[in-house]
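Asks: My structure is in work_22.csv, and what it holds is CSV, C-alpha atoms:
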```csv
chain,number,residue,atom,x,y,z
A,1,VAL,CA,122.7,176.6,93.5
A,2,LEU,CA,120.5,174.9,91.0
A,3,LEU,CA,119.7,178.2,89.3
A,4,VAL,CA,123.4,179.0,88.9
A,5,GLY,CA,124.2,175.6,87.6
A,6,SER,CA,121.3,175.7,85.2
A,7,GLY,CA,122.2,179.2,84.0
A,8,LEU,CA,125.8,178.1,83.3
A,9,LEU,CA,124.7,175.0,81.3
A,10,ILE,CA,122.1,177.0,79.3
A,11,ARG,CA,124.7,179.7,78.3
A,12,SER,CA,127.2,176.9,77.5
A,13,PHE,CA,124.6,175.2,75.3
A,14,VAL,CA,123.8,178.4,73.5
A,15,ARG,CA,127.5,178.9,72.8
A,16,VAL,CA,127.8,175.3,71.4
A,17,MET,CA,124.8,175.8,69.1
A,18,HIS,CA,126.5,179.0,67.7
A,19,VAL,CA,129.8,177.3,67.0
A,20,ASP,CA,130.9,177.5,63.4
A,21,PRO,CA,131.7,174.0,62.2
A,22,GLY,CA,133.7,175.3,59.3
A,23,PHE,CA,131.2,174.2,56.7
A,24,ASP,CA,127.5,174.9,55.8
A,25,THR,CA,125.2,172.2,57.2
A,26,SER,CA,122.0,173.7,56.0
A,27,HIS,CA,120.0,171.9,53.2
A,28,VAL,CA,122.5,169.0,53.0
A,29,LEU,CA,121.4,165.4,52.8
A,30,LEU,CA,123.8,162.6,53.8
A,31,THR,CA,123.3,159.1,52.4
A,32,ASN,CA,125.5,156.1,53.3
A,33,LEU,CA,126.2,153.3,50.8
A,34,ASP,CA,127.9,150.0,51.2
A,35,LEU,CA,129.6,148.8,48.0
A,36,PRO,CA,130.9,145.2,48.5
A,37,ASP,CA,134.6,145.1,47.9
A,38,ASN,CA,134.4,141.8,46.0
A,39,ARG,CA,132.0,143.4,43.4
A,40,TYR,CA,133.4,146.9,43.4
A,41,PRO,CA,137.2,146.7,43.8
A,42,GLY,CA,139.3,149.7,42.9
A,43,ASP,CA,138.3,151.3,39.6
A,44,LYS,CA,134.8,149.8,39.7
A,45,ASN,CA,134.2,151.5,43.0
A,46,VAL,CA,135.3,154.8,41.4
A,47,GLN,CA,133.2,154.2,38.3
A,48,PHE,CA,130.1,153.6,40.3
A,49,TYR,CA,130.3,157.0,41.9
A,50,GLN,CA,131.2,158.6,38.6
A,51,GLN,CA,128.0,157.2,37.2
A,52,LEU,CA,125.8,157.9,40.3
A,53,LEU,CA,126.8,161.5,41.1
A,54,PRO,CA,125.7,163.0,37.8
A,55,ARG,CA,122.4,161.2,38.0
A,56,ILE,CA,121.7,162.7,41.4
A,57,ALA,CA,122.9,166.1,40.3
A,58,GLN,CA,120.1,166.1,37.7
A,59,LEU,CA,117.3,165.6,40.3
A,60,PRO,CA,115.0,168.6,40.9
A,61,GLY,CA,116.2,170.8,43.8
A,62,VAL,CA,119.8,169.5,43.8
A,63,THR,CA,122.4,172.2,43.5
A,64,SER,CA,125.5,170.1,43.9
A,65,VAL,CA,126.6,166.6,44.9
A,66,ALA,CA,129.8,164.9,46.0
A,67,ALA,CA,131.0,162.1,48.2
A,68,GLY,CA,133.5,161.7,51.0
A,69,THR,CA,134.5,159.6,54.0
A,70,PRO,CA,134.6,159.8,56.9
A,71,MET,CA,132.2,162.7,57.2
A,72,PRO,CA,132.7,165.4,59.9
A,73,LEU,CA,130.7,165.1,63.2
A,74,THR,CA,129.6,161.5,62.4
A,75,GLY,CA,131.9,160.0,65.0
A,76,SER,CA,134.1,158.3,62.5
A,77,LEU,CA,137.8,159.1,62.3
A,78,MET,CA,140.8,157.9,60.3
A,79,SER,CA,144.4,158.9,61.1
A,80,ILE,CA,147.3,157.9,58.9
A,81,THR,CA,151.1,158.6,59.3
A,82,PHE,CA,153.0,160.4,56.5
A,83,GLU,CA,156.4,161.5,55.5
A,84,ILE,CA,157.2,165.0,54.3
A,85,GLU,CA,159.6,165.3,51.3
A,86,GLY,CA,163.1,166.3,52.4
A,87,ARG,CA,162.4,165.6,56.1
A,88,PRO,CA,163.2,161.9,56.5
A,89,VAL,CA,162.5,160.5,60.0
A,90,PRO,CA,162.4,157.0,61.4
A,91,GLU,CA,159.1,155.3,60.7
A,92,ALA,CA,158.2,155.1,64.3
A,93,ASP,CA,158.6,158.9,64.6
A,94,GLN,CA,156.5,159.8,61.5
A,95,PRO,CA,153.7,162.3,62.3
A,96,ALA,CA,150.1,161.2,61.9
A,97,GLU,CA,147.0,163.4,61.2
A,98,ILE,CA,143.4,162.9,60.3
A,99,VAL,CA,142.8,161.9,56.6
A,100,SER,CA,139.6,161.9,54.6
A,101,ILE,CA,138.7,160.7,51.1
A,102,ALA,CA,136.8,163.1,48.8
A,103,THR,CA,135.5,163.3,45.3
A,104,PRO,CA,135.6,166.4,43.0
A,105,GLY,CA,133.1,169.1,44.2
A,106,PHE,CA,133.3,167.9,47.9
A,107,PHE,CA,134.5,171.2,49.3
A,108,LYS,CA,132.1,173.2,47.1
A,109,THR,CA,129.1,171.1,48.2
A,110,LEU,CA,129.9,171.4,51.9
A,111,GLY,CA,130.8,175.0,51.7
A,112,ILE,CA,134.4,174.5,52.9
A,113,PRO,CA,136.4,177.5,51.6
A,114,VAL,CA,139.4,176.8,49.4
A,115,LEU,CA,142.0,179.3,50.7
A,116,ARG,CA,144.8,178.6,48.2
A,117,GLY,CA,145.2,176.3,45.2
A,118,ARG,CA,142.3,174.2,43.9
A,119,GLU,CA,139.8,171.5,44.7
A,120,PHE,CA,140.1,167.9,43.3
A,121,LEU,CA,139.3,167.6,39.6
A,122,GLU,CA,137.9,164.9,37.4
A,123,THR,CA,141.4,164.8,35.8
A,124,ASP,CA,142.9,163.6,39.1
A,125,THR,CA,142.7,160.0,38.2
A,126,ARG,CA,144.6,156.9,39.2
A,127,THR,CA,147.1,157.3,36.3
A,128,SER,CA,147.7,161.1,36.8
A,129,ASN,CA,150.0,162.8,39.3
A,130,LYS,CA,149.1,161.9,42.9
A,131,VAL,CA,147.7,164.9,44.7
A,132,ALA,CA,146.4,165.9,48.1
A,133,ILE,CA,144.7,168.9,49.8
A,134,VAL,CA,145.5,170.0,53.3
A,135,THR,CA,143.7,172.2,55.9
A,136,GLN,CA,145.0,175.6,57.0
A,137,SER,CA,146.1,174.2,60.4
A,138,PHE,CA,148.0,171.4,58.7
A,139,ALA,CA,149.8,173.9,56.5
A,140,ARG,CA,150.5,176.1,59.5
A,141,LYS,CA,151.9,173.2,61.5
A,142,TYR,CA,154.1,171.5,59.0
A,143,PHE,CA,154.9,174.4,56.6
A,144,PRO,CA,155.1,177.5,58.8
A,145,ASN,CA,156.0,180.8,57.0
A,146,GLU,CA,155.8,179.2,53.6
A,147,ASP,CA,153.2,178.2,51.0
A,148,ALA,CA,152.1,174.6,51.4
A,149,VAL,CA,150.8,174.4,47.8
A,150,GLY,CA,153.4,172.6,45.7
A,151,LYS,CA,155.0,170.8,48.6
A,152,HIS,CA,155.1,167.0,48.6
A,153,PHE,CA,154.4,164.4,51.3
A,154,LYS,CA,153.8,160.7,51.3
A,155,PRO,CA,150.9,159.3,53.3
A,156,GLY,CA,151.4,155.7,54.6
A,157,LEU,CA,148.2,154.7,52.8
A,158,GLY,CA,147.7,152.0,50.2
A,159,ASP,CA,144.4,150.8,48.9
A,160,GLY,CA,145.7,147.7,47.1
A,161,TYR,CA,145.6,149.6,43.8
A,162,THR,CA,147.4,152.9,44.5
A,163,ASN,CA,150.7,152.4,46.3
A,164,SER,CA,152.0,154.8,48.9
A,165,THR,CA,153.8,157.5,47.0
A,166,MET,CA,154.7,161.2,47.2
A,167,ARG,CA,151.8,163.5,46.6
A,168,GLU,CA,151.7,167.1,45.6
A,169,ILE,CA,149.7,169.5,47.7
A,170,VAL,CA,147.4,171.3,45.3
A,171,GLY,CA,145.2,173.2,47.7
A,172,VAL,CA,144.7,174.5,51.2
A,173,VAL,CA,141.2,174.6,52.6
A,174,GLY,CA,139.6,175.9,55.8
A,175,ASP,CA,139.6,174.0,59.1
A,176,ILE,CA,136.5,172.2,60.2
A,177,LYS,CA,135.1,170.6,63.4
A,178,ARG,CA,135.8,167.0,62.7
A,179,GLN,CA,134.9,165.2,66.0
A,180,ARG,CA,132.7,167.4,68.2
A,181,LEU,CA,131.6,171.0,68.1
A,182,THR,CA,133.3,171.7,71.4
A,183,LEU,CA,136.7,170.4,70.3
A,184,ASP,CA,139.3,172.5,68.5
A,185,SER,CA,139.9,171.9,64.8
A,186,ALA,CA,142.8,169.5,64.2
A,187,PRO,CA,145.2,169.4,61.2
A,188,GLU,CA,143.8,167.2,58.4
A,189,TYR,CA,144.6,166.2,54.8
A,190,TYR,CA,142.4,165.0,52.0
A,191,LEU,CA,143.0,162.4,49.2
A,192,PRO,CA,141.0,162.1,46.0
A,193,HIS,CA,138.7,159.1,45.9
A,194,SER,CA,140.1,158.0,42.5
A,195,GLN,CA,143.6,157.8,44.0
A,196,ALA,CA,142.7,156.4,47.4
A,197,THR,CA,139.7,154.1,46.9
A,198,ILE,CA,138.9,153.0,50.5
A,199,GLY,CA,135.4,151.9,51.5
A,200,SER,CA,132.2,153.5,50.3
A,201,PRO,CA,132.2,157.3,50.6
A,202,THR,CA,129.0,159.0,51.9
A,203,LEU,CA,126.9,160.9,49.4
A,204,VAL,CA,126.7,164.6,50.2
A,205,ILE,CA,123.8,166.3,48.4
A,206,ARG,CA,123.1,170.1,48.7
A,207,THR,CA,119.5,171.1,47.9
A,208,THR,CA,117.4,174.2,47.6
A,209,GLY,CA,114.8,173.1,50.1
A,210,ASP,CA,114.2,170.4,52.7
A,211,PRO,CA,116.9,167.8,51.8
A,212,THR,CA,114.9,164.9,53.3
A,213,ARG,CA,112.3,165.2,50.5
A,214,LEU,CA,114.9,163.8,48.1
A,215,THR,CA,115.4,160.6,50.1
A,216,ASN,CA,113.3,158.4,47.8
A,217,SER,CA,114.6,159.9,44.6
A,218,VAL,CA,118.2,159.3,45.7
A,219,ARG,CA,117.3,155.7,46.7
A,220,ALA,CA,115.8,155.2,43.2
A,221,GLU,CA,118.9,156.4,41.5
A,222,VAL,CA,121.1,154.0,43.5
A,223,VAL,CA,118.7,151.1,42.8
A,224,ALA,CA,118.7,152.0,39.1
A,225,LEU,CA,122.5,151.3,39.0
A,226,ASP,CA,122.6,148.4,41.4
A,227,LYS,CA,119.6,147.2,43.4
A,228,ASN,CA,121.8,145.1,45.7
A,229,VAL,CA,123.8,148.1,47.1
A,230,PRO,CA,122.6,148.8,50.7
A,231,ILE,CA,121.5,152.3,51.5
A,232,TYR,CA,121.4,153.3,55.2
A,233,SER,CA,121.5,156.3,57.6
A,234,VAL,CA,119.9,158.8,55.3
A,235,HIS,CA,119.5,162.1,57.2
A,236,SER,CA,120.0,165.8,57.0
A,237,TYR,CA,123.3,167.3,58.2
A,238,GLU,CA,121.4,169.7,60.4
A,239,ASP,CA,119.8,166.8,62.3
A,240,LEU,CA,123.3,165.3,62.7
A,241,VAL,CA,124.6,168.5,64.2
A,242,ALA,CA,121.6,168.7,66.5
A,243,SER,CA,122.3,165.1,67.7
A,244,ASN,CA,125.9,166.1,68.3
A,245,ALA,CA,124.7,168.7,70.8
A,246,ALA,CA,122.2,166.3,72.4
A,247,GLU,CA,124.3,165.7,75.5
A,248,PRO,CA,124.8,169.3,76.5
A,249,ARG,CA,121.1,170.0,75.6
A,250,PHE,CA,120.0,167.1,77.9
A,251,ARG,CA,122.1,168.3,80.8
A,252,SER,CA,120.9,171.9,80.5
A,253,MET,CA,117.2,170.8,80.2
A,254,LEU,CA,117.5,168.4,83.2
A,255,LEU,CA,119.1,170.9,85.5
A,256,THR,CA,116.8,173.7,84.3
A,257,CYS,CA,113.7,171.6,85.3
A,258,PHE,CA,115.2,171.0,88.7
A,259,ALA,CA,116.0,174.7,89.0
A,260,ALA,CA,112.5,175.8,88.0
A,261,LEU,CA,111.1,173.4,90.6
A,262,ALA,CA,113.4,174.8,93.2
A,263,LEU,CA,112.5,178.3,92.3
A,264,LEU,CA,108.8,177.5,92.6
A,265,LEU,CA,109.3,175.8,96.0
A,266,SER,CA,111.2,178.8,97.2
A,267,ALA,CA,108.4,181.2,96.1
A,268,VAL,CA,105.7,179.0,97.7
A,269,GLY,CA,107.8,178.7,100.9
A,270,LEU,CA,108.5,182.4,101.1
A,271,TYR,CA,104.8,183.2,100.5
A,272,ALA,CA,103.8,180.7,103.2
A,273,VAL,CA,106.3,182.0,105.8
A,274,LEU,CA,105.2,185.6,105.2
A,275,SER,CA,101.5,184.7,105.3
A,276,TYR,CA,102.0,182.9,108.6
A,277,MET,CA,103.9,185.9,109.9
A,278,VAL,CA,101.1,188.3,108.9
A,279,THR,CA,98.6,186.0,110.7
A,280,LEU,CA,100.7,186.0,113.9
A,281,ARG,CA,101.2,189.8,113.8
A,282,THR,CA,97.6,190.7,112.8
A,283,LEU,CA,97.0,192.4,116.2
A,284,GLU,CA,100.3,194.3,116.1
A,285,ILE,CA,99.6,195.5,112.5
A,286,GLY,CA,96.1,196.6,113.5
A,287,VAL,CA,97.4,198.6,116.5
A,288,ARG,CA,100.1,200.2,114.2
A,289,ILE,CA,97.5,201.3,111.7
A,290,ALA,CA,95.2,202.5,114.5
A,291,LEU,CA,98.0,204.6,116.0
A,292,GLY,CA,98.6,206.3,112.7
A,293,ALA,CA,101.0,204.1,110.7
A,294,GLN,CA,100.6,204.5,106.9
A,295,ARG,CA,99.5,201.5,104.9
A,296,SER,CA,102.6,202.0,102.8
A,297,ASP,CA,104.7,201.5,106.0
A,298,VAL,CA,103.0,198.2,106.7
A,299,LEU,CA,103.5,197.1,103.1
A,300,ASN,CA,107.2,198.0,103.3
A,301,LEU,CA,107.5,196.2,106.6
A,302,ILE,CA,106.4,192.9,105.1
A,303,LEU,CA,108.3,193.3,101.8
A,304,ARG,CA,111.5,194.1,103.7
A,305,ARG,CA,111.0,190.9,105.7
A,306,GLY,CA,110.5,188.8,102.6
A,307,LEU,CA,113.4,190.3,100.7
A,308,GLY,CA,115.6,190.0,103.8
A,309,LEU,CA,114.9,186.3,103.8
A,310,ALA,CA,115.6,186.1,100.0
A,311,VAL,CA,118.9,188.0,100.3
A,312,LEU,CA,120.0,185.7,103.2
A,313,GLY,CA,119.2,182.7,101.0
A,314,LEU,CA,120.9,184.4,98.0
A,315,VAL,CA,124.1,185.0,99.9
A,316,ILE,CA,124.3,181.4,101.2
A,317,GLY,CA,123.3,180.0,97.8
A,318,MET,CA,125.9,182.1,96.0
A,319,GLY,CA,128.6,181.0,98.4
A,320,LEU,CA,127.8,177.3,97.8
A,321,SER,CA,127.6,177.9,94.1
A,322,LEU,CA,131.1,179.4,93.9
A,323,VAL,CA,132.4,176.2,95.5
A,324,LEU,CA,130.2,173.6,93.7
A,325,THR,CA,130.2,175.0,90.2
A,326,ARG,CA,134.0,174.6,89.9
A,327,TYR,CA,133.3,170.9,89.4
A,328,MET,CA,131.2,171.8,86.3
A,329,SER,CA,134.1,173.1,84.3
A,330,SER,CA,134.4,170.0,82.2
A,331,MET,CA,130.7,170.4,81.1
A,332,LEU,CA,131.0,174.1,80.1
A,333,TYR,CA,132.1,175.4,76.7
A,334,THR,CA,133.8,178.8,76.7
A,335,ILE,CA,131.9,179.7,79.9
A,336,LYS,CA,133.7,180.1,83.3
A,337,PRO,CA,132.1,178.8,86.5
A,338,LEU,CA,132.2,182.4,87.9
A,339,ASP,CA,130.4,183.8,84.8
A,340,PRO,CA,129.2,187.3,85.9
A,341,VAL,CA,126.2,187.3,83.5
A,342,THR,CA,124.9,184.1,85.0
A,343,LEU,CA,125.4,185.2,88.6
A,344,LEU,CA,123.7,188.6,88.0
A,345,SER,CA,120.9,187.0,86.1
A,346,VAL,CA,120.2,184.5,88.8
A,347,THR,CA,120.3,187.2,91.4
A,348,GLY,CA,117.8,189.3,89.5
A,349,ILE,CA,115.5,186.3,88.9
A,350,LEU,CA,115.5,185.2,92.6
A,351,LEU,CA,114.9,188.7,93.9
A,352,LEU,CA,112.1,189.2,91.4
A,353,VAL,CA,110.4,186.0,92.3
A,354,SER,CA,110.8,186.7,96.0
A,355,LEU,CA,109.3,190.2,95.5
A,356,VAL,CA,106.3,188.7,93.7
A,357,ALA,CA,105.9,186.0,96.4
A,358,SER,CA,106.1,188.7,99.2
A,359,THR,CA,103.6,191.1,97.5
A,360,ALA,CA,100.4,189.1,98.3
A,361,PRO,CA,100.9,188.8,102.1
A,362,ALA,CA,102.2,192.4,102.3
A,363,TRP,CA,99.2,193.7,100.4
A,364,ARG,CA,96.8,191.7,102.6
A,365,ALA,CA,98.5,193.1,105.7
A,366,ALA,CA,98.4,196.7,104.4
A,367,ARG,CA,94.6,196.4,103.7
A,368,LEU,CA,93.7,195.3,107.3
A,369,ASP,CA,90.8,197.2,108.9
A,370,PRO,CA,92.2,198.3,112.3
A,371,MET,CA,88.8,198.5,114.1
A,372,LYS,CA,87.7,195.1,112.8
A,373,THR,CA,91.1,193.6,113.6
A,374,LEU,CA,91.0,194.9,117.2
A,375,ARG,CA,87.4,193.7,117.8
A,376,ASP,CA,88.3,190.2,116.4
A,377,GLN,CA,91.4,190.0,118.5
```
Show the structure stored in the file as structure tokens.
Replies:
Amino acid sequence: VLLVGSGLLIRSFVRVMHVDPGFDTSHVLLTNLDLPDNRYPGDKNVQFYQQLLPRIAQLPGVTSVAAGTPMPLTGSLMSITFEIEGRPVPEADQPAEIVSIATPGFFKTLGIPVLRGREFLETDTRTSNKVAIVTQSFARKYFPNEDAVGKHFKPGLGDGYTNSTMREIVGVVGDIKRQRLTLDSAPEYYLPHSQATIGSPTLVIRTTGDPTRLTNSVRAEVVALDKNVPIYSVHSYEDLVASNAAEPRFRSMLLTCFAALALLLSAVGLYAVLSYMVTLRTLEIGVRIALGAQRSDVLNLILRRGLGLAVLGLVIGMGLSLVLTRYMSSMLYTIKPLDPVTLLSVTGILLLVSLVASTAPAWRAARLDPMKTLRDQ
């Protein structure tokens, strides 16, 4: 039962680690800032990033840099209602989807594909036409069988400087895993930081090598602009994704340890039972050999006994597994409790270990000297 449970969790964990989050997490450094609203309101907040991002882009090893909030897989989420042009509904019935703030170059830096239209540009300022970018699932849900680019909608979002107004969709990007790797991608839309200045976007820095080596350099650039701006939670995106999978990893490792211990105990127990059986039947085995039994016959006799016990335990264990593993469905990702690969693998492992555990007593029995055995008995 433990082997089956462990096998299911391991296969589930492997599936989780191979999930495509929709963006490239390799060689990316995340750096969180906290710009005080009283010192960096509105345009000053935007200007700080406009000054900081080019400075970081010039650092050795940096290939691109941008900023956005909230970042995928960080546990943060922001959902805002909106109104689609030409589809007026009561305010209480307005749809709501996940929204993020991004600077120019955000999608390029994270490797999120732009499927139609364009990214945000430096020309998307507070005084220019208000724009937005939506994900493929957003476009498919709200603009089925038509091109979302060029359509307009009005997010119920105001930052105190930019009022809620109709925005033109200028691009459609690929879906990403926003909350967890095991959850389906949800519809989202993005607003440019210059037109929706909310909070302090996280720096996203793509590098050619180990991103954590740039930590001190990035801190120095921030301090050069304002030494009073707090910098925290500096880490690589790969580490963040690994921590996102920490729970299924812990479950699989814990159950695997118990399964390995159970397998060891079963092997030791089977070895002990067969050794005891050989001791009790030493005289019988000696007589068999003296009367002409081949040593291979004795070997097969003990091995059949050992494998018979293993098969009996296997049948009982599989029956219990089929019942108990149904309660593991919530912990499995794209793996069914009756996964044939897991069941066959466990069967093979248990039979192999049982064969190994049975071999030593069987070999000892086959090598008995019949004359010495009869004299001793």
Asks: CA of Met71 (chain A) and CA of Met331 (chain A), how far apart in Å?
Replies: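 Distance reported for this atom pair: 25.2 Å.
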Asks: Could you list as a PDB file with C-alpha atoms, keeping the file's coordinate frame every residue that has an atom within 12 Å of (156.6, 169.5, 48.9), using the file's coordinates and counting all atoms listed in the file?
Replies:
```
ATOM      1  CA  GLU A  83     156.400 161.500  55.500  1.00  0.00           C
ATOM      2  CA  ILE A  84     157.200 165.000  54.300  1.00  0.00           C
ATOM      3  CA  GLU A  85     159.600 165.300  51.300  1.00  0.00           C
ATOM      4  CA  GLY A  86     163.100 166.300  52.400  1.00  0.00           C
ATOM      5  CA  ARG A  87     162.400 165.600  56.100  1.00  0.00           C
ATOM      6  CA  VAL A 131     147.700 164.900  44.700  1.00  0.00           C
ATOM      7  CA  ALA A 132     146.400 165.900  48.100  1.00  0.00           C
ATOM      8  CA  ILE A 133     144.700 168.900  49.800  1.00  0.00           C
ATOM      9  CA  VAL A 134     145.500 170.000  53.300  1.00  0.00           C
ATOM     10  CA  ALA A 139     149.800 173.900  56.500  1.00  0.00           C
ATOM     11  CA  TYR A 142     154.100 171.500  59.000  1.00  0.00           C
ATOM     12  CA  PHE A 143     154.900 174.400  56.600  1.00  0.00           C
ATOM     13  CA  GLU A 146     155.800 179.200  53.600  1.00  0.00           C
ATOM     14  CA  ASP A 147     153.200 178.200  51.000  1.00  0.00           C
ATOM     15  CA  ALA A 148     152.100 174.600  51.400  1.00  0.00           C
ATOM     16  CA  VAL A 149     150.800 174.400  47.800  1.00  0.00           C
ATOM     17  CA  GLY A 150     153.400 172.600  45.700  1.00  0.00           C
ATOM     18  CA  LYS A 151     155.000 170.800  48.600  1.00  0.00           C
ATOM     19  CA  HIS A 152     155.100 167.000  48.600  1.00  0.00           C
ATOM     20  CA  PHE A 153     154.400 164.400  51.300  1.00  0.00           C
ATOM     21  CA  LYS A 154     153.800 160.700  51.300  1.00  0.00           C
ATOM     22  CA  MET A 166     154.700 161.200  47.200  1.00  0.00           C
ATOM     23  CA  ARG A 167     151.800 163.500  46.600  1.00  0.00           C
ATOM     24  CA  GLU A 168     151.700 167.100  45.600  1.00  0.00           C
ATOM     25  CA  ILE A 169     149.700 169.500  47.700  1.00  0.00           C
ATOM     26  CA  VAL A 170     147.400 171.300  45.300  1.00  0.00           C
TER      27      VAL A 170
END
```
Asks: Could you name the residues that touch Leu8 (chain A) at 12 Å or less, counting only C-alpha atoms, but leaving out those on the same chain fewer than 3 positions away, as JSON, numbers by chain?
Replies: {"A": [1, 2, 3, 4, 5, 11, 12, 13, 14, 15, 248, 251, 252, 253, 255, 256, 259, 321, 322, 325, 326, 328, 329, 330, 331, 332, 333, 334, 335, 336, 337, 338, 339, 340, 341, 342, 343, 344, 345, 346]}
Asks: Write out as an MDAnalysis selection string each polymer residue whose atoms come within 12 Å of Ala196 (chain A), counting only C-alpha atoms; drop sequence neighbours fewer than 6 positions from it.
Replies: chainID A and resid 41:43 45:46 68:69 99:103 124:127 130:132 155:165 167 190
Asks: Pick out the residues sitting within 12 Å of Val222 (chain A), and hand them over as JSON, numbers by chain; count all atoms listed in the file, and ignore anything fewer than 2 positions along from it in its own chain.
Replies: {"A": [31, 32, 33, 34, 35, 48, 49, 51, 52, 53, 54, 55, 56, 203, 215, 216, 217, 218, 219, 220, 224, 225, 226, 227, 228, 229, 230, 231, 232]}
Asks: Keeping C-alpha atoms, export the residues of the selection given above as a JSON list (two decimals), in the frame of the given file.
Replies:
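Output file out35.json is given in full below:
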```json
[["chain", "number", "residue", "atom", "x", "y", "z"],
["A", 31, "THR", "CA", 123.30, 159.10, 52.40],
["A", 32, "ASN", "CA", 125.50, 156.10, 53.30],
["A", 33, "LEU", "CA", 126.20, 153.30, 50.80],
["A", 34, "ASP", "CA", 127.90, 150.00, 51.20],
["A", 35, "LEU", "CA", 129.60, 148.80, 48.00],
["A", 48, "PHE", "CA", 130.10, 153.60, 40.30],
["A", 49, "TYR", "CA", 130.30, 157.00, 41.90],
["A", 51, "GLN", "CA", 128.00, 157.20, 37.20],
["A", 52, "LEU", "CA", 125.80, 157.90, 40.30],
["A", 53, "LEU", "CA", 126.80, 161.50, 41.10],
["A", 54, "PRO", "CA", 125.70, 163.00, 37.80],
["A", 55, "ARG", "CA", 122.40, 161.20, 38.00],
["A", 56, "ILE", "CA", 121.70, 162.70, 41.40],
["A", 203, "LEU", "CA", 126.90, 160.90, 49.40],
["A", 215, "THR", "CA", 115.40, 160.60, 50.10],
["A", 216, "ASN", "CA", 113.30, 158.40, 47.80],
["A", 217, "SER", "CA", 114.60, 159.90, 44.60],
["A", 218, "VAL", "CA", 118.20, 159.30, 45.70],
["A", 219, "ARG", "CA", 117.30, 155.70, 46.70],
["A", 220, "ALA", "CA", 115.80, 155.20, 43.20],
["A", 224, "ALA", "CA", 118.70, 152.00, 39.10],
["A", 225, "LEU", "CA", 122.50, 151.30, 39.00],
["A", 226, "ASP", "CA", 122.60, 148.40, 41.40],
["A", 227, "LYS", "CA", 119.60, 147.20, 43.40],
["A", 228, "ASN", "CA", 121.80, 145.10, 45.70],
["A", 229, "VAL", "CA", 123.80, 148.10, 47.10],
["A", 230, "PRO", "CA", 122.60, 148.80, 50.70],
["A", 231, "ILE", "CA", 121.50, 152.30, 51.50],
["A", 232, "TYR", "CA", 121.40, 153.30, 55.20]]
```
Asks: For region 267-303 of chain A against region 365-375 of chain A, with a cut-off of 7 Å and counting only C-alpha atoms, what is the closest atom pair and its distance in Å to one decimal for every residue that makes the cut, ordered by chain and number, as a tab-separated table?
Replies:
```
residue	atom	partner	partner_atom	distance
A:Val278	CA	A:Ala365	CA	6.3
A:Leu283	CA	A:Thr373	CA	6.6
A:Gly286	CA	A:Pro370	CA	4.4
A:Val287	CA	A:Pro370	CA	6.7
A:Ile289	CA	A:Pro370	CA	6.1
A:Ala290	CA	A:Pro370	CA	5.6
A:Arg295	CA	A:Ala366	CA	4.9
A:Ser296	CA	A:Ala366	CA	6.9
A:Val298	CA	A:Ala366	CA	5.4
A:Leu299	CA	A:Ala366	CA	5.3
```
Asks: Using all atoms listed in the file, can you tell me which of A:Ser79, A:Asn129, A:Gln50, A:Thr109 comes closest to Ala96 (chain A)?
Replies: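 Closest candidate: A:Ser79.
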Asks: I'd like the contact shell of Gly75 (chain A) - 10 Å cut-off, only C-alpha atoms, skipping same-chain residues fewer than 2 positions apart - returned as a list in words.
Replies: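 Once the adjacent positions are removed, what remains is Pro70, Met71, Pro72, Leu73, Leu77, Arg178, Gln179, Arg180 and Asn244 of chain A.
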Asks: Quick one: distance from CA of Arg118 (chain A) to CA of Val172 (chain A) in Å, one decimal?
Replies: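 Between CA of Arg118 (chain A) and CA of Val172 (chain A) the gap works out to 7.7 Å.
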Asks: Near Asp24 (chain A), counting all atoms listed in the file, which residues have an atom at most 8 Å away, once you skip same-chain residues fewer than 5 positions from it, shown as a VMD selection string?
Replies: chain A and resid 110 to 112
Asks: Would you save the residues from that selection as a PDB file, in the coordinates of the input, using C-alpha atoms?
Replies:
```
ATOM      1  CA  LEU A 110     129.900 171.400  51.900  1.00  0.00           C
ATOM      2  CA  GLY A 111     130.800 175.000  51.700  1.00  0.00           C
ATOM      3  CA  ILE A 112     134.400 174.500  52.900  1.00  0.00           C
TER       4      ILE A 112
END
```
Asks: Taking all atoms listed in the file into account, which of A:Tyr276, A:Phe107, A:Phe120, A:Phe258 comes nearest Arg206 (chain A)?
Replies: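 That would be A:Phe107, the residue with the smallest distance to Arg206 (chain A).
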Asks: From the list A:Ala246, A:Val241, A:Val268, A:Ile80, which residue is nearest Leu355 (chain A) when using all atoms listed in the file?
Replies: A:Val268
Asks: From the list A:Gly319, A:Lys141, A:Ala293, A:Ala260, which residue is nearest Gly7 (chain A) when using only C-alpha atoms?
Replies: A:Ala260
Asks: To one decimal place in Å, what is the distance between CA of Asp93 (chain A) and CA of Gln136 (chain A)?
Replies: 22.8 Å
Asks: Kindly provide, as AutoDock Vina command-line options, the centre and edge lengths (Å, one decimal) of an axis-aligned box around all atoms of region 47-63 of chain A given in the file, with 6 Å on each side.
Replies:
```
--center_x 124.1 --center_y 162.9 --center_z 40.5 --size_x 30.2 --size_y 30.6 --size_z 18.6
```
